[in-house]
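*Asks:* So here's input38.csv (CSV, C-alpha atoms).
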chain,number,residue,atom,x,y,z
U,1,MET,CA,81.3,98.7,87.6
U,2,LYS,CA,84.8,98.1,88.9
U,3,GLU,CA,84.9,101.8,89.9
U,4,PHE,CA,81.8,101.6,92.1
U,5,ILE,CA,82.4,101.7,95.8
U,6,THR,CA,80.4,100.6,98.9
U,7,VAL,CA,78.6,103.4,100.6
U,8,ALA,CA,76.3,101.4,102.9
U,9,ILE,CA,75.6,97.8,104.1
U,10,PHE,CA,72.2,96.4,104.9
U,11,ASN,CA,71.2,93.1,106.5
U,12,LEU,CA,67.8,92.4,104.9
U,13,PRO,CA,66.3,93.0,101.4
U,14,SER,CA,63.3,94.8,103.0
U,15,GLU,CA,65.7,97.5,104.2
U,16,ILE,CA,66.6,98.5,100.6
U,17,ALA,CA,63.2,98.6,99.0
U,18,VAL,CA,62.6,102.4,99.6
U,19,LEU,CA,66.2,103.3,98.8
U,20,LYS,CA,66.0,101.5,95.4
U,21,SER,CA,63.0,103.6,94.4
U,22,ILE,CA,64.7,106.8,95.4
U,23,LEU,CA,67.9,106.0,93.6
U,24,GLU,CA,66.0,105.1,90.5
U,25,ASN,CA,63.9,108.3,90.6
U,26,GLU,CA,67.1,110.4,91.0
U,27,GLY,CA,68.7,108.6,88.1
U,28,ILE,CA,71.7,107.5,90.2
U,29,PRO,CA,73.5,104.3,88.8
U,30,TYR,CA,73.8,101.8,91.6
U,31,PHE,CA,73.8,98.1,92.4
U,32,PHE,CA,73.3,96.0,95.5
U,33,GLU,CA,76.0,93.3,95.9
U,34,ASN,CA,74.7,90.1,97.5
U,35,GLU,CA,71.1,91.1,97.1
U,36,THR,CA,70.0,87.9,95.4
U,37,ILE,CA,71.7,85.5,97.7
U,38,VAL,CA,70.5,87.2,100.8
U,39,SER,CA,66.9,87.3,99.3
U,40,ILE,CA,67.1,83.5,98.9
U,41,ASP,CA,68.9,82.8,102.2
U,42,PRO,CA,68.7,85.6,104.8
U,43,PHE,CA,71.3,83.8,106.9
U,44,ALA,CA,73.8,84.3,104.1
U,45,SER,CA,73.8,88.0,105.0
U,46,ILE,CA,76.2,87.2,107.8
U,47,ALA,CA,78.4,85.0,105.7
U,48,TYR,CA,78.7,87.5,102.8
U,49,GLY,CA,78.9,90.7,104.9
U,50,GLY,CA,75.4,92.0,104.1
U,51,ILE,CA,73.9,93.7,101.1
U,52,LYS,CA,76.3,96.3,99.9
U,53,LEU,CA,75.1,99.4,98.2
U,54,LYS,CA,77.6,100.3,95.4
U,55,VAL,CA,77.7,103.6,93.6
U,56,HIS,CA,80.1,105.5,91.4
U,57,PRO,CA,82.5,107.8,93.3
U,58,SER,CA,81.0,110.9,91.7
U,59,ASP,CA,77.6,110.1,93.3
U,60,VAL,CA,78.8,109.4,96.8
U,61,THR,CA,78.0,112.8,98.3
U,62,LEU,CA,74.4,112.8,96.8
U,63,VAL,CA,73.8,109.2,98.0
U,64,GLN,CA,75.1,110.0,101.4
U,65,GLN,CA,72.7,112.9,101.7
U,66,ILE,CA,69.8,110.5,100.7
U,67,LEU,CA,71.0,107.9,103.2
U,68,ASP,CA,71.2,110.6,105.9
U,69,ASN,CA,67.6,111.6,105.2
U,70,LEU,CA,66.5,108.0,105.4
U,71,ASP,CA,68.6,107.1,108.4
U,72,SER,CA,65.8,107.6,110.9
U,73,HIS,CA,63.7,105.0,109.0
U,74,LEU,CA,66.4,102.6,107.9
U,75,ARG,CA,68.9,100.6,109.9
U,76,ILE,CA,72.2,101.2,108.1
U,77,VAL,CA,75.0,98.9,109.2
U,78,GLU,CA,77.9,100.8,107.8
Take the structure from the file and write it as C-alpha cells.
*Replies:*
Amino acid sequence: MKEFITVAIFNLPSEIAVLKSILENEGIPYFFENETIVSIDPFASIAYGGIKLKVHPSDVTLVQQILDNLDSHLRIVE
C-alpha cells in the first residue's frame, strides 16, 4: 500500500459511505487513511488533515471519474 496515493480528502465519515460502496462494487482497491480516528473523534479530522482516500496510481483516472459523478452530492475537500 506504499504505492497508493491520495486522490481526495473528506472531513466526516458520513461523506464516504456511498463512495465506499461504489468502490467496492467496482472492485477498486482502496483505503481511507484516518477513517477510524475521525469516526471516534470528529475534531481529529482537522488535526490529521481529514479522511484521505488512497488508491493505486493505475486506478486514479477511474476513481476521479467516480468522484466527478458524485461531486454534486459529496463535499470533497481536495
*Asks:* Given only C-alpha atoms as the basis, pick out the residue of U:Val38, U:Ile46, U:Ile28, U:Leu62 nearest to Glu15 of chain U.
*Replies:*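 Answer, going by the shortest atom-to-atom distance: U:Val38.
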*Asks:* Mind pulling up the distance from atom CA of Asn11 of chain U to atom CA of Pro42 of chain U?
*Replies:*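 If I compute the distance from atom CA of Pro42 of chain U to atom CA of Asn11 of chain U, I get 8.1 Å.
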*Asks:* Counting all atoms listed in the file, what is within 12 Å of Ser58 of chain U, bar same-chain residues fewer than 4 positions away, as a PyMOL selection string?
*Replies:* chain U and resi 3-5+7+28-30+54+62-64
*Asks:* Using only C-alpha atoms, determine which residues lie at most 10 Å from Thr6 of chain U, disregarding the query and same-chain residues fewer than 6 positions distant; provide the list as a list in words.
*Replies:*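 Here the answer would be Tyr30, Phe31, Phe32, Glu33, Ile51, Lys52, Leu53, Lys54, Val55, His56, Pro57, Val60 and Glu78 of chain U.
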*Asks:* Here is a test: counting all atoms listed in the file, which residue of U:Thr61, U:Asn69, U:Leu12, U:Asn25 is nearest to Ala44 of chain U?
*Replies:*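 Counting all atoms listed in the file, the residue closest to Ala44 of chain U is U:Leu12.
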*Asks:* What does the structure give for the distance between atom CA of Leu19 of chain U and atom CA of Ile66 of chain U, in Å to one decimal?
*Replies:*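 So the two atoms, atom CA of Leu19 of chain U and atom CA of Ile66 of chain U, lie 8.3 Å apart.
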*Asks:* Within 10 Å of (69.2, 103.8, 101.8) in the file's own coordinates, which protein, DNA or RNA residues have an atom, counting only C-alpha atoms? List them as a ChimeraX atom specification.
*Replies:* /U:7-10,15-23,53,63-71,73-76
